[in-house]
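Structure below is target30.pdb: PDB, C-alpha atoms, pLDDT in the B column.
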```pdb
ATOM      1  CA  MET A1072       6.919  22.647 130.948  1.00 87.00           C
ATOM      2  CA  LYS A1073      10.387  22.672 132.449  1.00 94.00           C
ATOM      3  CA  VAL A1074      12.172  26.031 132.541  1.00 95.00           C
ATOM      4  CA  PHE A1075      15.948  26.136 133.062  1.00 95.00           C
ATOM      5  CA  THR A1076      17.377  29.483 134.153  1.00 95.00           C
ATOM      6  CA  GLN A1077      21.062  30.410 134.149  1.00 95.00           C
ATOM      7  CA  SER A1078      22.697  33.640 135.176  1.00 94.00           C
ATOM      8  CA  VAL A1079      26.055  34.504 133.609  1.00 91.00           C
ATOM      9  CA  ASN A1080      28.607  36.896 135.177  1.00 87.00           C
ATOM     10  CA  PHE A1081      26.392  37.539 138.227  1.00 91.00           C
ATOM     11  CA  ASN A1082      24.247  35.765 140.824  1.00 93.00           C
ATOM     12  CA  ALA A1083      20.547  36.232 140.144  1.00 92.00           C
ATOM     13  CA  ASP A1084      18.268  36.511 143.162  1.00 94.00           C
ATOM     14  CA  ARG A1085      15.333  34.130 143.631  1.00 95.00           C
ATOM     15  CA  GLU A1086      12.775  36.824 142.751  1.00 96.00           C
ATOM     16  CA  LEU A1087      14.345  37.500 139.337  1.00 96.00           C
ATOM     17  CA  ILE A1088      14.557  33.779 138.534  1.00 95.00           C
ATOM     18  CA  LYS A1089      10.953  33.206 139.626  1.00 96.00           C
ATOM     19  CA  TYR A1090       9.807  36.230 137.567  1.00 97.00           C
ATOM     20  CA  ALA A1091      11.534  34.898 134.438  1.00 96.00           C
ATOM     21  CA  GLU A1092      10.247  31.344 134.938  1.00 96.00           C
ATOM     22  CA  ASP A1093       6.653  32.517 135.545  1.00 96.00           C
ATOM     23  CA  LYS A1094       6.678  34.708 132.424  1.00 96.00           C
ATOM     24  CA  VAL A1095       8.130  31.944 130.245  1.00 97.00           C
ATOM     25  CA  SER A1096       5.713  29.353 131.685  1.00 95.00           C
ATOM     26  CA  SER A1097       2.808  31.557 130.578  1.00 95.00           C
ATOM     27  CA  LEU A1098       3.764  30.768 126.958  1.00 96.00           C
ATOM     28  CA  THR A1099       2.056  27.362 127.259  1.00 93.00           C
ATOM     29  CA  LYS A1100      -1.217  29.229 126.623  1.00 93.00           C
ATOM     30  CA  PHE A1101      -0.028  29.915 123.067  1.00 91.00           C
ATOM     31  CA  HIS A1102       1.460  26.525 122.185  1.00 88.00           C
ATOM     32  CA  ASP A1103       0.568  23.302 123.983  1.00 86.00           C
ATOM     33  CA  LYS A1104       3.535  21.236 122.772  1.00 88.00           C
ATOM     34  CA  ILE A1105       6.431  23.212 124.281  1.00 93.00           C
ATOM     35  CA  VAL A1106       9.036  20.690 125.426  1.00 95.00           C
ATOM     36  CA  ASP A1107      11.134  22.983 127.605  1.00 96.00           C
ATOM     37  CA  ALA A1108      12.650  26.435 127.822  1.00 97.00           C
ATOM     38  CA  GLU A1109      16.065  27.833 128.676  1.00 97.00           C
ATOM     39  CA  VAL A1110      16.529  31.353 130.005  1.00 97.00           C
ATOM     40  CA  PHE A1111      19.978  32.945 130.012  1.00 97.00           C
ATOM     41  CA  LEU A1112      20.472  36.175 131.953  1.00 97.00           C
ATOM     42  CA  LYS A1113      23.837  37.806 131.221  1.00 96.00           C
ATOM     43  CA  VAL A1114      25.534  40.993 132.309  1.00 93.00           C
ATOM     44  CA  GLN A1115      27.907  42.412 129.722  1.00 88.00           C
ATOM     45  CA  ASN A1116      30.923  44.340 130.921  1.00 80.00           C
ATOM     46  CA  THR A1117      30.348  47.437 128.821  1.00 73.00           C
ATOM     47  CA  SER A1118      29.789  51.097 129.546  1.00 73.00           C
ATOM     48  CA  ASP A1119      26.368  50.955 127.834  1.00 75.00           C
ATOM     49  CA  LYS A1120      23.314  51.386 130.027  1.00 82.00           C
ATOM     50  CA  GLU A1121      21.673  48.525 128.143  1.00 84.00           C
ATOM     51  CA  ASN A1122      24.119  45.871 129.344  1.00 91.00           C
ATOM     52  CA  LYS A1123      21.586  43.243 130.486  1.00 94.00           C
ATOM     53  CA  VAL A1124      21.163  40.451 127.934  1.00 96.00           C
ATOM     54  CA  THR A1125      18.148  38.171 128.153  1.00 97.00           C
ATOM     55  CA  GLU A1126      18.116  35.145 125.890  1.00 98.00           C
ATOM     56  CA  ILE A1127      15.239  32.676 125.844  1.00 97.00           C
ATOM     57  CA  LYS A1128      15.248  29.422 123.894  1.00 97.00           C
ATOM     58  CA  ILE A1129      11.994  27.459 123.516  1.00 96.00           C
ATOM     59  CA  ASN A1130      12.037  23.877 122.257  1.00 95.00           C
ATOM     60  CA  ILE A1131       8.966  22.676 120.374  1.00 91.00           C
ATOM     61  CA  PRO A1132       8.743  19.458 118.341  1.00 89.00           C
ATOM     62  CA  GLY A1133      10.704  19.912 115.116  1.00 87.00           C
ATOM     63  CA  SER A1134      11.962  23.399 115.943  1.00 90.00           C
ATOM     64  CA  GLU A1135      13.483  25.751 118.468  1.00 94.00           C
ATOM     65  CA  LEU A1136      12.743  29.432 118.885  1.00 95.00           C
ATOM     66  CA  ILE A1137      15.428  31.777 120.184  1.00 96.00           C
ATOM     67  CA  VAL A1138      15.014  35.412 121.175  1.00 97.00           C
ATOM     68  CA  LYS A1139      17.764  37.680 122.480  1.00 97.00           C
ATOM     69  CA  ARG A1140      17.192  41.159 123.940  1.00 96.00           C
ATOM     70  CA  GLU A1141      19.598  43.776 125.338  1.00 95.00           C
ATOM     71  CA  THR A1142      17.901  46.075 127.841  1.00 95.00           C
ATOM     72  CA  LYS A1143      18.480  48.180 130.960  1.00 94.00           C
ATOM     73  CA  THR A1144      16.782  45.658 133.283  1.00 95.00           C
ATOM     74  CA  PHE A1145      16.260  41.912 133.119  1.00 96.00           C
ATOM     75  CA  GLU A1146      12.517  42.306 133.736  1.00 96.00           C
ATOM     76  CA  GLU A1147      12.275  44.535 130.661  1.00 97.00           C
ATOM     77  CA  GLY A1148      14.282  41.991 128.656  1.00 97.00           C
ATOM     78  CA  VAL A1149      12.141  39.050 129.795  1.00 97.00           C
ATOM     79  CA  ASN A1150       8.939  40.935 128.908  1.00 97.00           C
ATOM     80  CA  ALA A1151      10.216  41.901 125.440  1.00 97.00           C
ATOM     81  CA  ALA A1152      11.486  38.401 124.702  1.00 97.00           C
ATOM     82  CA  VAL A1153       8.273  36.713 125.907  1.00 97.00           C
ATOM     83  CA  ASP A1154       6.152  39.087 123.786  1.00 97.00           C
ATOM     84  CA  ASN A1155       8.231  38.203 120.729  1.00 97.00           C
ATOM     85  CA  LEU A1156       7.998  34.475 121.499  1.00 97.00           C
ATOM     86  CA  LYS A1157       4.188  34.732 121.800  1.00 96.00           C
ATOM     87  CA  ARG A1158       4.058  35.965 118.197  1.00 95.00           C
ATOM     88  CA  GLN A1159       6.482  33.264 117.016  1.00 93.00           C
ATOM     89  CA  LEU A1160       4.564  30.494 118.790  1.00 93.00           C
ATOM     90  CA  LYS A1161       1.239  31.648 117.320  1.00 91.00           C
ATOM     91  CA  ARG A1162       2.804  31.741 113.850  1.00 89.00           C
ATOM     92  CA  SER A1163       4.360  28.294 114.326  1.00 85.00           C
ATOM     93  CA  LYS A1164       1.056  26.820 115.481  1.00 83.00           C
ATOM     94  CA  GLU A1165      -0.788  28.363 112.505  1.00 84.00           C
ATOM     95  CA  LYS A1166       1.783  26.927 110.075  1.00 82.00           C
ATOM     96  CA  HIS A1167       1.398  23.511 111.689  1.00 77.00           C
ATOM     97  CA  ARG A1168      -2.402  23.726 111.522  1.00 79.00           C
ATOM     98  CA  ASP A1169      -2.268  24.842 107.854  1.00 82.00           C
ATOM     99  CA  SER A1170      -0.015  21.915 106.933  1.00 80.00           C
ATOM    100  CA  LEU A1171      -2.490  19.489 108.526  1.00 81.00           C
ATOM    101  CA  ILE A1172      -5.391  20.956 106.532  1.00 80.00           C
ATOM    102  CA  SER A1173      -3.676  20.864 103.118  1.00 64.00           C
TER
END
```
Would you mind giving the structure from this file in structure tokens?
Amino acid sequence: MKVFTQSVNFNADRELIKYAEDKVSSLTKFHDKIVDAEVFLKVQNTSDKENKVTEIKINIPGSELIVKRETKTFEEGVNAAVDNLKRQLKRSKEKHRDSLIS
């Protein structure tokens, strides 16, 4: 699976990009037909402590899953988004399997 990572309003270091790509790549365990993934890391110019926005978009045949999280750190945001996507991918795969059975 190809993972595209973009950082908006700041320059992400290699470690952060690798962390995000590794976490997102682990989603292939839950759905074997993932086409690709896009990770957007954004810093909002606000006074809030939770100004780091992590957005992950997963493309699967016939659908795309998008999760957006605002957190204090990008690592926290990536973890939360990936956890949510795991649930969505499992649900999507179950729906697909159910439609094949009926």
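The two atoms in question, atom CA of Ile1131 of chain A and atom CA of Met1072 of chain A, are spaced 10.8 Å apart.
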Surrounding residues of Asn1150 of chain A excluding itself and chain neighbours under 4 positions, 10 Å, all atoms listed in the file, as number ranges by chain: A: 1090-1091, 1094-1095, 1125, 1140, 1145-1146, 1154-1156
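Selection result for the displayed file, with the PyMOL selection byres ((chain A and resi 1109) around 9) as criterion, is Lys1073, Val1074, Phe1075, Thr1076, Gln1077, Asp1107, Ala1108, Val1110, Phe1111, Glu1126, Ile1127, Lys1128, Ile1129 and Asn1130 of chain A.
Nearest residue to Pro1132 of chain A among A:Glu1092, A:Asp1169, A:Asp1084, A:Asp1103 is A:Asp1103, counting only C-alpha atoms.
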Nearest-residue call for Ile1105 of chain A, choices A:Lys1123, A:Lys1166, A:Lys1157, A:Lys1089, using all atoms listed in the file: A:Lys1157
Just want the 12 Å neighbourhood of Ser1134 of chain A, counted on all atoms listed in the file, with same-chain residues fewer than 6 positions away dropped. Output as a PDB file with C-alpha atoms, in the coordinates of the input.
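Result saved to selection.pdb:
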```pdb
ATOM      1  CA  LYS A1104       3.535  21.236 122.772  1.00 88.00           C
ATOM      2  CA  ILE A1105       6.431  23.212 124.281  1.00 93.00           C
ATOM      3  CA  VAL A1106       9.036  20.690 125.426  1.00 95.00           C
ATOM      4  CA  ASP A1107      11.134  22.983 127.605  1.00 96.00           C
ATOM      5  CA  LYS A1128      15.248  29.422 123.894  1.00 97.00           C
ATOM      6  CA  GLN A1159       6.482  33.264 117.016  1.00 93.00           C
ATOM      7  CA  LEU A1160       4.564  30.494 118.790  1.00 93.00           C
ATOM      8  CA  SER A1163       4.360  28.294 114.326  1.00 85.00           C
ATOM      9  CA  LYS A1164       1.056  26.820 115.481  1.00 83.00           C
ATOM     10  CA  HIS A1167       1.398  23.511 111.689  1.00 77.00           C
TER      11      HIS A1167
END
```
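Atom CA of Ser1170 of chain A lies 26.8 Å from atom CA of Ala1152 of chain A.
Closest to Lys1100 of chain A among A:Ser1078, A:Lys1139, A:Lys1161, A:Val1114 is A:Lys1161, based on all atoms listed in the file.
The two atoms in question, atom CA of Lys1143 of chain A and atom CA of Gln1115 of chain A, are spaced 11.1 Å apart.
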Taking all atoms of segment 1154-1157 of chain A that the file lists, what box with edges along x, y and z, padded by 6 Å per side, do you get, with centre and edge lengths in Å to one decimal, as AutoDock Vina command-line options?
```
--center_x 6.2 --center_y 36.8 --center_z 122.3 --size_x 16.0 --size_y 16.6 --size_z 15.1
```
Shell of 7 Å around Thr1142 of chain A, all atoms listed in the file, local chain residues under 3 positions omitted, as a VMD selection string: chain A and resid 1121 to 1124 1145 1147 to 1148
Counting all atoms listed in the file, the residue of A:Glu1135, A:Ser1096, A:Phe1101, A:Leu1112 that sits nearest Ala1083 of chain A: A:Leu1112
